[in-house]
Structures are given as C-alpha cells and as structure tokens.
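What follows is my_file_7.txt (compact mmCIF, C-alpha atoms).
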```
# COMPACT_ATOMS: atom_id res chain seq x y z
CA MET A 1 104.78 208.80 47.28
CA ASN A 2 104.57 205.30 48.66
CA ARG A 3 104.60 202.72 45.92
CA THR A 4 102.08 200.38 47.53
CA LEU A 5 99.68 203.26 48.11
CA VAL A 6 99.89 204.29 44.46
CA ASP A 7 99.28 200.68 43.42
CA LEU A 8 96.30 200.54 45.74
CA TRP A 9 94.77 203.70 44.31
CA VAL A 10 95.37 202.66 40.70
CA GLY A 11 93.87 199.25 41.47
CA PHE A 12 90.86 200.94 43.01
CA PHE A 13 90.53 203.20 39.96
CA VAL A 14 90.64 200.30 37.50
CA ALA A 15 88.20 198.28 39.62
CA LEU A 16 85.83 201.24 39.66
CA GLY A 17 86.07 201.46 35.88
CA MET A 18 85.32 197.75 35.52
CA ALA A 19 82.37 198.06 37.88
CA ALA A 20 81.05 200.95 35.78
CA VAL A 21 81.31 198.86 32.59
CA VAL A 22 79.46 195.99 34.28
CA PHE A 23 76.80 198.42 35.50
CA LEU A 24 76.37 199.88 32.00
CA ALA A 25 76.25 196.40 30.48
CA LEU A 26 73.85 194.76 32.91
CA LYS A 27 71.67 197.52 34.28
CA VAL A 28 71.61 200.19 31.59
CA ALA A 29 71.85 198.29 28.30
CA ASN A 30 70.01 195.26 27.06
CA GLN A 31 72.09 192.26 26.23
CA SER A 32 70.29 191.28 23.05
CA SER A 33 73.51 191.44 21.10
CA PHE A 34 75.38 189.44 23.75
CA ARG A 35 73.05 186.53 23.73
CA ALA A 36 73.26 185.29 20.16
CA ALA A 37 70.50 182.77 20.70
CA PRO A 38 70.41 180.10 17.99
CA SER A 39 67.85 181.18 15.48
CA TYR A 40 66.42 180.34 12.08
CA GLU A 41 65.52 182.77 9.36
CA VAL A 42 62.19 183.09 7.58
CA HIS A 43 60.96 185.64 5.08
CA ALA A 44 57.71 187.43 4.50
CA TYR A 45 56.50 189.75 1.75
CA PHE A 46 54.55 192.86 2.61
CA THR A 47 53.00 195.42 0.28
CA ASN A 48 53.95 198.15 2.75
CA ILE A 49 56.09 197.92 5.83
CA GLY A 50 55.39 201.40 7.18
CA GLY A 51 58.04 202.31 9.74
CA LEU A 52 59.47 198.84 10.29
CA LYS A 53 63.23 198.89 10.75
CA MET A 54 66.04 196.41 11.00
CA ARG A 55 66.25 194.95 14.52
CA SER A 56 62.56 195.62 15.11
CA PRO A 57 61.09 192.88 17.29
CA VAL A 58 59.00 189.98 16.07
CA LYS A 59 56.31 189.14 18.58
CA SER A 60 53.84 186.37 19.02
CA ALA A 61 51.11 186.85 21.59
CA GLY A 62 53.11 189.85 22.77
CA VAL A 63 56.26 187.84 23.49
CA VAL A 64 59.43 188.76 21.60
CA VAL A 65 60.37 185.66 19.59
CA GLY A 66 62.83 187.16 17.12
CA ARG A 67 64.11 190.22 15.31
CA VAL A 68 63.96 191.65 11.82
CA THR A 69 67.36 191.08 10.25
CA ASP A 70 66.96 192.47 6.77
CA ILE A 71 64.55 194.53 4.70
CA GLN A 72 64.76 194.70 0.93
CA LEU A 73 62.60 195.73 -1.96
CA ASP A 74 61.98 192.73 -4.20
CA THR A 75 61.83 194.21 -7.68
CA SER A 76 60.14 191.14 -9.16
CA ASN A 77 56.84 192.10 -7.51
CA TYR A 78 57.72 195.44 -5.89
CA GLN A 79 56.99 194.18 -2.42
CA ALA A 80 59.11 194.54 0.67
CA LYS A 81 60.94 191.34 1.56
CA VAL A 82 61.41 191.19 5.32
CA SER A 83 63.80 188.61 6.74
CA MET A 84 63.53 187.76 10.41
CA ALA A 85 65.55 185.58 12.72
CA LEU A 86 63.27 183.56 14.99
CA ASP A 87 64.43 181.95 18.20
CA ASN A 88 65.02 178.21 17.83
CA ARG A 89 62.96 177.55 20.95
CA TYR A 90 59.79 178.62 19.16
CA GLU A 91 58.23 176.88 16.20
CA PHE A 92 55.39 178.17 14.08
CA SER A 93 53.14 176.31 11.69
CA VAL A 94 53.58 176.94 7.95
CA ASP A 95 50.22 178.70 7.69
CA SER A 96 51.12 181.29 10.33
CA SER A 97 50.33 184.85 9.37
CA ALA A 98 52.57 187.88 9.83
CA SER A 99 51.25 191.39 10.23
CA ILE A 100 52.91 194.70 10.96
CA ILE A 101 51.49 196.20 14.11
CA THR A 102 52.13 199.46 15.91
CA SER A 103 52.49 199.28 19.65
CA GLY A 104 50.37 202.11 20.97
CA LEU A 105 49.09 204.83 18.69
CA LEU A 106 52.48 206.25 17.73
CA GLY A 107 54.82 203.64 19.15
CA GLU A 108 57.38 201.51 17.39
CA GLN A 109 56.28 198.99 14.80
CA TYR A 110 56.84 195.28 15.06
CA VAL A 111 55.97 192.10 13.22
CA GLY A 112 53.19 190.14 14.89
CA LEU A 113 53.00 186.42 14.23
CA ASP A 114 49.69 184.60 14.55
CA VAL A 115 50.01 180.86 14.54
CA GLY A 116 47.92 178.75 12.16
CA ALA A 117 46.52 175.25 12.34
CA GLU A 118 48.85 173.22 10.11
CA GLU A 119 50.89 170.37 11.49
CA ASP A 120 54.03 171.26 9.50
CA MET A 121 56.34 173.79 11.06
CA LEU A 122 58.25 176.64 9.42
CA LYS A 123 61.85 175.83 8.63
CA ALA A 124 64.86 178.03 7.94
CA GLY A 125 64.49 179.82 4.61
CA ASP A 126 60.71 179.37 4.41
CA THR A 127 58.40 182.18 3.42
CA ILE A 128 55.34 183.15 5.42
CA GLU A 129 52.41 183.15 2.98
CA PHE A 130 49.82 185.17 4.82
CA THR A 131 50.78 188.74 5.56
CA SER A 132 49.02 191.98 6.22
CA SER A 133 50.74 195.29 5.79
CA ALA A 134 51.28 198.19 8.10
CA LEU A 135 48.33 200.38 8.87
CA LEU A 136 49.27 203.80 7.58
CA LEU A 137 47.74 206.51 9.70
CA GLU A 138 48.04 209.09 6.91
CA LYS A 139 46.19 206.85 4.46
CA LEU A 140 43.52 206.13 7.02
CA ILE A 141 42.99 209.81 7.72
CA GLY A 142 43.02 210.58 4.00
CA GLU A 143 40.38 207.94 3.30
CA PHE A 144 38.32 209.10 6.23
CA GLY A 145 38.49 212.67 4.98
CA LEU A 146 37.51 211.57 1.47
CA ASN A 147 34.54 209.55 2.76
CA LYS A 148 33.41 212.48 4.83
CA ALA A 149 33.64 214.82 1.86
CA THR A 150 31.72 212.52 -0.47
CA SER A 151 29.05 211.84 2.15
CA THR A 152 28.51 215.53 2.89
CA SER A 153 28.37 216.40 -0.80
CA ALA A 154 25.91 213.56 -1.26
CA GLU A 155 23.77 214.98 1.53
CA GLU A 156 23.90 218.39 -0.06
CA THR A 157 22.68 217.02 -3.38
CA ASN A 158 19.88 215.23 -1.52
CA HIS A 159 18.78 218.49 0.01
CA GLU A 160 18.54 220.11 -3.34
CA MET B 1 98.62 244.27 -6.05
CA LYS B 2 101.09 243.97 -3.27
CA THR B 3 98.39 243.56 -0.61
CA ILE B 4 96.78 240.77 -2.62
CA LEU B 5 100.10 238.99 -2.88
CA GLN B 6 100.62 239.43 0.84
CA GLY B 7 97.15 238.04 1.50
CA VAL B 8 97.82 234.97 -0.60
CA GLU B 9 101.16 234.52 1.09
CA PHE B 10 99.52 234.80 4.52
CA ILE B 11 96.87 232.18 3.73
CA GLY B 12 99.50 229.91 2.21
CA ARG B 13 101.72 230.19 5.27
CA GLN B 14 98.80 229.49 7.60
CA VAL B 15 97.87 226.35 5.68
CA THR B 16 101.40 225.02 5.38
CA ASP B 17 102.03 225.76 9.08
CA ARG B 18 99.03 223.65 10.02
CA LEU B 19 100.11 220.85 7.71
CA ILE B 20 103.64 220.91 9.11
CA LEU B 21 102.19 220.74 12.64
CA LEU B 22 99.98 217.79 11.70
CA GLY B 23 102.93 215.99 10.13
CA ALA B 24 105.11 216.66 13.17
CA ILE B 25 102.42 215.31 15.53
CA CYS B 26 102.02 212.16 13.45
CA ARG B 27 105.78 211.61 13.41
CA PHE B 28 105.80 212.19 17.16
CA LEU B 29 103.06 209.58 17.66
CA ILE B 30 105.04 207.03 15.65
CA SER B 31 108.20 207.63 17.63
CA ILE B 32 106.23 207.29 20.90
CA LEU B 33 104.85 203.96 19.70
CA LEU B 34 108.33 202.79 18.75
CA MET B 35 109.68 203.85 22.15
CA SER B 36 106.90 202.15 24.11
CA ALA B 37 108.78 198.92 24.76
CA MET B 38 110.18 200.39 27.96
CA CYS B 39 106.64 200.85 29.33
CA LEU B 40 106.08 197.12 28.98
CA ARG B 41 109.38 196.24 30.64
CA ARG B 42 108.79 198.66 33.50
CA PRO B 43 105.02 198.93 34.00
CA TRP B 44 105.56 200.86 37.20
CA LEU B 45 106.32 203.93 35.08
CA VAL B 46 102.84 203.79 33.59
CA VAL B 47 101.10 202.86 36.85
CA ARG B 48 102.62 205.91 38.54
CA GLU B 49 101.32 208.16 35.77
CA VAL B 50 97.88 206.50 35.86
CA TYR B 51 97.78 207.57 39.49
CA PHE B 52 98.62 211.18 38.69
CA ILE B 53 96.53 211.41 35.52
CA GLY B 54 93.62 209.09 36.22
CA VAL B 55 93.11 208.66 39.95
CA LEU B 56 93.55 212.33 40.74
CA SER B 57 90.99 213.21 38.02
CA LEU B 58 88.43 210.92 39.66
CA LEU B 59 86.96 213.57 41.91
CA ILE B 60 86.08 216.06 39.18
CA ILE B 61 84.78 213.27 36.92
CA VAL B 62 82.62 211.80 39.68
CA VAL B 63 81.15 215.15 40.68
CA SER B 64 80.58 216.33 37.10
CA GLY B 65 79.06 213.01 36.06
CA LEU B 66 76.66 213.04 38.96
CA PHE B 67 75.58 216.63 38.37
CA VAL B 68 75.23 216.23 34.60
CA GLY B 69 72.97 213.25 35.30
CA LEU B 70 70.94 215.22 37.83
CA VAL B 71 70.47 218.18 35.48
CA LEU B 72 69.68 215.97 32.49
CA GLY B 73 67.08 214.17 34.58
CA LEU B 74 65.40 217.42 35.57
CA GLN B 75 65.49 219.00 32.12
CA MET B 76 64.46 215.92 30.19
CA TYR B 77 61.63 215.11 32.55
CA ASP B 78 60.33 218.65 32.23
CA THR B 79 60.37 218.49 28.42
CA LEU B 80 59.15 214.91 28.07
CA GLU B 81 56.29 215.51 30.47
CA ARG B 82 54.81 217.98 27.95
CA PHE B 83 54.29 215.03 25.64
CA GLY B 84 53.06 212.89 28.48
CA SER B 85 56.06 210.59 28.30
CA GLY B 86 57.96 211.54 31.43
CA ASP B 87 58.55 207.83 32.03
CA GLY B 88 61.04 207.84 29.19
CA VAL B 89 63.43 210.07 31.08
CA GLY B 90 65.73 207.15 31.92
CA MET B 91 66.05 206.24 28.29
CA VAL B 92 66.91 209.78 27.20
CA VAL B 93 69.39 210.34 30.02
CA ALA B 94 71.18 207.03 29.40
CA LEU B 95 71.35 207.45 25.63
CA ALA B 96 72.58 211.03 25.82
CA LEU B 97 75.24 210.11 28.39
CA VAL B 98 76.50 206.90 26.87
CA ARG B 99 76.58 208.13 23.29
CA GLU B 100 77.68 211.75 23.54
CA LEU B 101 77.98 213.52 26.84
CA GLY B 102 80.05 210.86 28.58
CA PRO B 103 82.87 210.62 26.03
CA VAL B 104 82.91 214.33 25.14
CA LEU B 105 82.58 215.86 28.59
CA SER B 106 85.02 213.44 30.20
CA ALA B 107 87.53 214.20 27.42
CA LEU B 108 87.12 217.95 27.90
CA LEU B 109 87.45 217.67 31.68
CA PHE B 110 90.37 215.31 31.30
CA SER B 111 92.23 217.66 28.97
CA SER B 112 91.85 220.57 31.35
CA ARG B 113 92.53 218.58 34.51
CA ALA B 114 95.26 216.16 33.39
CA GLY B 115 96.33 217.21 29.90
CA SER B 116 97.35 220.68 31.03
CA ALA B 117 99.25 219.22 33.99
CA VAL B 118 101.15 216.83 31.72
CA THR B 119 102.05 219.65 29.33
CA ALA B 120 103.21 221.90 32.16
CA GLU B 121 105.25 219.10 33.72
CA ILE B 122 107.01 218.12 30.50
CA GLY B 123 107.45 221.75 29.48
CA LEU B 124 109.02 222.58 32.81
CA MET B 125 111.27 219.53 32.56
CA LYS B 126 112.38 220.89 29.23
CA ALA B 127 112.81 224.45 30.53
CA THR B 128 114.95 223.23 33.43
CA GLU B 129 116.93 221.03 31.03
CA GLN B 130 115.95 217.80 32.78
CA LEU B 131 115.16 216.22 29.42
CA ASN B 132 118.64 217.12 28.19
CA ALA B 133 120.10 215.68 31.38
CA LEU B 134 118.30 212.41 30.77
CA GLU B 135 119.70 212.30 27.27
CA MET B 136 123.16 212.92 28.67
CA MET B 137 122.71 209.80 30.79
CA ALA B 138 121.79 207.88 27.61
CA ILE B 139 118.15 207.63 28.68
CA GLN B 140 115.67 208.40 25.95
CA PRO B 141 113.29 211.04 27.35
CA LEU B 142 110.74 209.87 24.80
CA ALA B 143 110.77 206.37 26.35
CA ARG B 144 111.24 207.37 29.98
CA VAL B 145 109.08 210.51 30.25
CA ILE B 146 106.77 210.89 27.26
CA ALA B 147 105.56 207.37 26.47
CA PRO B 148 104.43 206.48 30.04
CA ARG B 149 102.38 209.68 30.24
CA PHE B 150 100.87 209.05 26.83
CA TRP B 151 99.87 205.48 27.69
CA ALA B 152 98.57 206.46 31.10
CA GLY B 153 96.26 208.96 29.40
CA VAL B 154 95.09 206.38 26.87
CA ILE B 155 94.28 203.96 29.71
CA SER B 156 92.72 206.48 32.07
CA LEU B 157 90.27 208.38 29.88
CA PRO B 158 88.11 205.40 28.79
CA LEU B 159 87.90 204.31 32.44
CA LEU B 160 86.95 207.82 33.50
CA ASN B 161 84.36 207.89 30.73
CA VAL B 162 82.54 204.76 31.89
CA ILE B 163 82.63 206.01 35.48
CA PHE B 164 81.20 209.32 34.26
CA CYS B 165 78.39 207.53 32.39
CA ALA B 166 77.55 205.22 35.29
CA LEU B 167 77.34 208.09 37.75
CA GLY B 168 75.35 210.19 35.29
CA VAL B 169 72.78 207.42 34.98
CA PHE B 170 72.73 207.15 38.76
CA GLY B 171 72.17 210.92 38.97
CA GLY B 172 69.31 210.64 36.52
CA TYR B 173 67.88 207.85 38.65
CA LEU B 174 68.10 210.00 41.79
CA VAL B 175 66.23 212.88 40.19
CA ALA B 176 63.67 210.89 38.21
CA VAL B 177 62.82 208.16 40.70
CA GLN B 178 63.57 209.66 44.09
CA LEU B 179 62.68 213.28 43.43
CA LEU B 180 60.12 213.36 40.63
CA GLY B 181 58.47 210.04 41.38
CA VAL B 182 58.90 208.15 38.11
CA ASP B 183 58.38 204.45 38.72
CA ALA B 184 61.73 202.72 39.20
CA GLY B 185 60.73 199.68 37.14
CA THR B 186 59.60 201.80 34.18
CA PHE B 187 62.73 203.92 34.46
CA TRP B 188 65.09 200.97 34.12
CA SER B 189 63.06 198.95 31.63
CA GLN B 190 62.62 201.89 29.24
CA MET B 191 66.34 202.46 29.48
CA GLN B 192 67.18 198.84 28.82
CA ASN B 193 64.81 198.74 25.87
CA ALA B 194 66.47 201.67 24.19
CA VAL B 195 70.15 201.24 25.02
CA ASP B 196 71.95 198.51 23.14
CA PHE B 197 75.23 197.31 24.58
CA ARG B 198 77.17 196.96 21.36
CA GLN B 199 75.51 199.77 19.46
CA ASP B 200 75.59 202.41 22.17
CA VAL B 201 77.87 201.48 25.07
CA VAL B 202 80.71 199.97 23.07
CA ASN B 203 80.58 202.75 20.49
CA GLY B 204 80.79 205.29 23.31
CA ILE B 205 83.86 203.54 24.69
CA ILE B 206 85.46 203.44 21.24
CA LYS B 207 84.87 207.18 20.95
CA SER B 208 86.46 207.67 24.32
CA VAL B 209 89.55 205.66 23.34
CA ILE B 210 90.00 207.79 20.23
CA PHE B 211 89.59 210.98 22.27
CA ALA B 212 92.11 209.61 24.78
CA VAL B 213 94.72 209.09 22.07
CA ALA B 214 94.08 212.58 20.66
CA VAL B 215 94.09 214.42 24.00
CA SER B 216 97.13 212.57 25.42
CA LEU B 217 99.07 213.04 22.21
CA ILE B 218 98.33 216.76 22.12
CA ALA B 219 99.28 217.13 25.79
CA VAL B 220 102.65 215.40 25.50
CA TYR B 221 103.42 217.00 22.14
CA GLU B 222 102.73 220.52 23.37
CA GLY B 223 104.88 219.89 26.42
CA TYR B 224 107.71 218.36 24.44
CA SER B 225 107.73 221.09 21.79
CA ALA B 226 107.18 223.97 24.24
CA VAL B 227 109.54 226.92 24.04
CA ALA B 228 111.86 226.39 27.01
CA THR B 229 110.88 229.52 28.92
CA ALA B 230 108.28 230.36 31.55
CA GLU B 231 106.17 232.08 28.90
CA GLY B 232 106.59 229.19 26.49
CA VAL B 233 105.34 226.69 29.07
CA SER B 234 102.32 228.81 29.93
CA ARG B 235 101.46 229.15 26.22
CA ALA B 236 101.87 225.43 25.66
CA THR B 237 99.53 224.67 28.57
CA THR B 238 96.87 226.99 27.22
CA ARG B 239 97.22 225.55 23.74
CA THR B 240 96.81 222.01 25.06
CA VAL B 241 93.41 222.83 26.53
CA VAL B 242 92.18 224.84 23.55
CA VAL B 243 93.42 222.47 20.84
CA SER B 244 92.20 219.40 22.75
CA ALA B 245 88.72 220.88 23.08
CA LEU B 246 88.51 221.75 19.39
CA VAL B 247 89.90 218.40 18.27
CA VAL B 248 87.56 216.45 20.58
CA LEU B 249 84.50 218.31 19.33
CA ALA B 250 85.50 217.95 15.68
CA LEU B 251 86.33 214.25 16.08
CA ASP B 252 83.06 213.73 17.91
CA PHE B 253 81.09 215.00 14.96
CA VAL B 254 82.95 212.75 12.54
CA LEU B 255 82.67 209.69 14.79
CA THR B 256 78.97 210.28 15.47
CA ALA B 257 78.34 210.58 11.74
CA PHE B 258 80.05 207.21 11.30
CA MET B 259 78.55 205.39 14.25
CA PHE B 260 75.00 206.63 14.67
CA ARG B 261 73.76 207.13 11.14
CA GLY B 262 70.61 205.26 12.01
CA PHE B 263 69.42 202.59 9.65
```

Please lay out the structure from this file as structure tokens.
Amino acid sequence: MNRTLVDLWVGFFVALGMAAVVFLALKVANQSSFRAAPSYEVHAYFTNIGGLKMRSPVKSAGVVVGRVTDIQLDTSNYQAKVSMALDNRYEFSVDSSASIITSGLLGEQYVGLDVGAEEDMLKAGDTIEFTSSALLLEKLIGEFGLNKATSTSAEETNHE
Amino acid sequence: MKTILQGVEFIGRQVTDRLILLGAICRFLISILLMSAMCLRRPWLVVREVYFIGVLSLLIIVVSGLFVGLVLGLQMYDTLERFGSGDGVGMVVALALVRELGPVLSALLFSSRAGSAVTAEIGLMKATEQLNALEMMAIQPLARVIAPRFWAGVISLPLLNVIFCALGVFGGYLVAVQLLGVDAGTFWSQMQNAVDFRQDVVNGIIKSVIFAVAVSLIAVYEGYSAVATAEGVSRATTRTVVVSALVVLALDFVLTAFMFRGF
C-alpha cells in the first residue's frame, strides 16, 4: 500500500469527522452553552412553579432574554425561589413582574417578564417583587368541575 | 450433597474465572498504555492502522447511518403525526441519533467490521509465531503490533460516530422534508431548540470514546490471548464480537443513567 495514498485517505477520514462535528455543532445543536453571554442574576419567588425547569427560557415580549439557573424551595416562606441569569444587554425596571407562562396549551413553561414603569433598573442579586404563579391545568379543571357541581345542585334545589 | 457441592463449586469457578479475566484485561490495558511511547515516536504505525480500521469502515458506517436516519424519519413521523406534531420529527431523530443510536450502533458495527479483523489478524500473527519472531528481534509486540491497533481504534470510533450521526440527521432530513413535506425551517429550528451541544452532542461523543476504548481493548486482548490454532483464532474472533456487543450495551445503560438523568 502506497504510503501517500494511506495518508490521503486517513486525512480525508479525519476531515470528514471534523466536518461532521461542525455540522452537529452548527446545524443540529443550539450553541446556547457556547455563547456564555455576560449576564446578571435576579431572583423571584413563586407560590407554584408548575413544570418550570432549570435552563427554561426567560422571555420578555416573546424574546428570550435569559435562562433559569436555579430552583429551590425557600423554607422560610415555603415558596419556590427561582434564580435566572438575564442577558446584560437587557435591563428591566425594578417593578417588573415575572409570571410563569405555558407556551401553547401543553408546551414548555417559561418565565415571562413584563416591564414596569420605574426609573431604577434591576441589578444583580435583586429580587423581582411582583410574580404570578403557574396556571395549573389540573387545578383549573378541578375548580371548574366543582363550580359546575355546585351550580347544578343549586339548580336542583331551586326546582324543588 | 455431592451435587450441591458441585453446584457451588461450578458457580464459584464461573465467578472467579470472570474476575480473573477482568483483572487480566485491566493489566493488559496498563501495559498497552506503558508501551504507547513508540506510537508517538512513529505515528505512521497508528496512521496505517487508522486506514485499515477507520477508513475501511467508512462505507458501512455511512450506509447504515443514512438508512437509520431514513427509517427513523419515517417511523417517527408516522407516530408523531398521530399527536399532530409531525413537525417535531427532526428533533426526535436528532436526539435519538446523537444521544443513543449513533454511539451504540457505530460501536456495534465497528466491533463486527474492525474489531473482529483486528482479533483475527493478531491471532493469526500469534498462530504463525510472528509475535514470537518479533520478540526474538528484541521488538516488543505489545508496542509494535498491539498498541498502534488499540490507539487507531480509539481514534477511529468517535470519528465514525459523528459521521454516523451527521448522516443520520441528513437521512431524517431527506425523508421528513423531501419525502413527507415537513417544512425545512421548522425541521431545523425544532431540532436546534431541543438539541444542546454540550448536553447532547458532547455527551454522545464521550460515550463513543468510552465504547472505543472498550471495543478496541477487547479486540486486541482476544487476539493476543487467542489459542494459537485455527480453531482458537476463530473462537477469539467470535468472542470479540459477542463480548463487545454485550459490553457496549451494558456500558451504554450505565452511561445514560449518569448523563441523561434529566433535572
């Protein structure tokens, strides 16, 4: 076997492998973990976070502005403490409100930020005061069912 | 009473045999690592083996990758469409390939295509006393014959794995976009949303590296410890394929449990 030919083939093989890695990196995967954009961390307390997970997106007006970095149960008030890293490019006023929203009916959950009117901006380590918890479908259905039951029983008593 | 004793003895022997084998393989790995300096001094030895082990396996990897992607695309689209989410086919195909099917299938194909060849080659060298002849010339067969093949396997399999994955995704694209009419933009964007480079792609490559070490080690060990007869070589070759497959599947479970616990 000719040595140069073997070198050529092995070179081709390695180049093909590299090309495949680049393809997987650029076309197949997202590069969120590549691009460690400078960010600052803020916290928010929620009574119920539903299906929110670590690395869930934080969106404002539908644009991804950060990610959830940590979720813990704060035992001082038994609320979920959600930490999120927000992109340095975006600033939000201190009276912004955070709510947990589901994209689509059964889609993934994310934190939605609605900006307030204050002049002061949130800084690293700040806590978002105004929050609204996840909408739990089961609870909603349960309440709906309960309302229905009470209303029909009320109607029945009216009839009598 | 006697049969019970025999039974206990049998189980005991089976267990100790396995442990002895495991110990011997570990010792073998260490001596390969110690003897690897020659591969660095004479890289041509490794390059030559990468040609035989890696480049010649390209065809089967390319074809299998493409067809696995095509089939996954068809099957997943069919199932997902029942839930009205046929658009997500790209995501499912890419995740399945990058996380599991790529590393596992390429390792299985690699062990049957290249691992068996390495075992047969080394076994036959042993049967025809070429290894002894090398030793007579004061050349360590471990450094000259075994280590280059081992390292070539460790280099080749991860490369074959990423090629497998890339072609699988391309196959999925062909079926989903060209054949079934999923929108190309949705196909790629759903995929990019779900697949994380570090979490999924890099973990898949790490898996593949571990499989490469296991499969290459088994192949060279079986060849080196083969009984030096025609029958011995044929048995060693069979054992390479069977043991590699079992080890890869077992390791895959353990690694998946570590890597993709989901948090």

Could you please select, counting all atoms listed in the file, the residues of chain B within 6 Å of chain A and state them as a list in words?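 Those within range of chain A come out as Tyr51, Leu159, Val162, Ile163, Ala166, Gln192, Val195, Asp196 and Phe197 of chain B.
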
Using all atoms listed in the file, which residues sit within 10 Å of B:Val243 once same-chain residues fewer than 2 positions away are excluded, as an MDAnalysis selection string? chainID B and resid 111 214:215 218:219 222 238:241 245:249

Neighbour list for B:Val220 as number ranges by chain, cut-off 7 Å, only C-alpha atoms, skip fewer than 5 positions in-chain: B: 118-119, 146, 150

Near-B:Glu129 list (12 Å; only C-alpha atoms; drop same-chain fewer than 3 positions) as number ranges by chain: B: 122-126, 132-136, 141, 224, 227-229

Which is closer to A:Glu41 than all the others in A:Ala124, A:Val115, A:Val68, A:Val58, using all atoms listed in the file?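 Counting all atoms listed in the file, the residue closest to A:Glu41 is A:Ala124.
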
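In this model, the gap between atom CA of A:Leu86 and atom CA of A:Val65 comes to 5.8 Å.
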
Counting all atoms listed in the file, write as JSON, numbers by chain all protein and nucleic acid residues lying at most 10 Å from (62.6, 194.8, 0.4) in the file's frame. {"A": [44, 45, 46, 47, 48, 49, 70, 71, 72, 73, 74, 75, 78, 79, 80, 81, 82, 83]}

Could you tell me which of B:Val177, B:Leu56, B:Ala257, B:Val93 comes closest to B:Ala117 if we count only C-alpha atoms? B:Leu56

Measuring between only C-alpha atoms, which one of B:Ala143, B:Ile206, B:Leu59, B:Ile155 shows the shortest distance to B:Thr256? B:Ile206

Given 8 Å of margin on each side, can you work out the centre and size in Å (one decimal) of an axis-aligned box holding every listed atom of stretch 94-99 of chain B, as lines of an AutoDock Vina configuration file?
```
center_x = 73.9
center_y = 209.0
center_z = 26.3
size_x = 21.4
size_y = 20.1
size_z = 22.1
```

Min atom-atom distance to A:Ser93 from the set A:Glu118, A:Glu129, A:Glu143, A:Glu138, counting only C-alpha atoms, belongs to A:Glu118
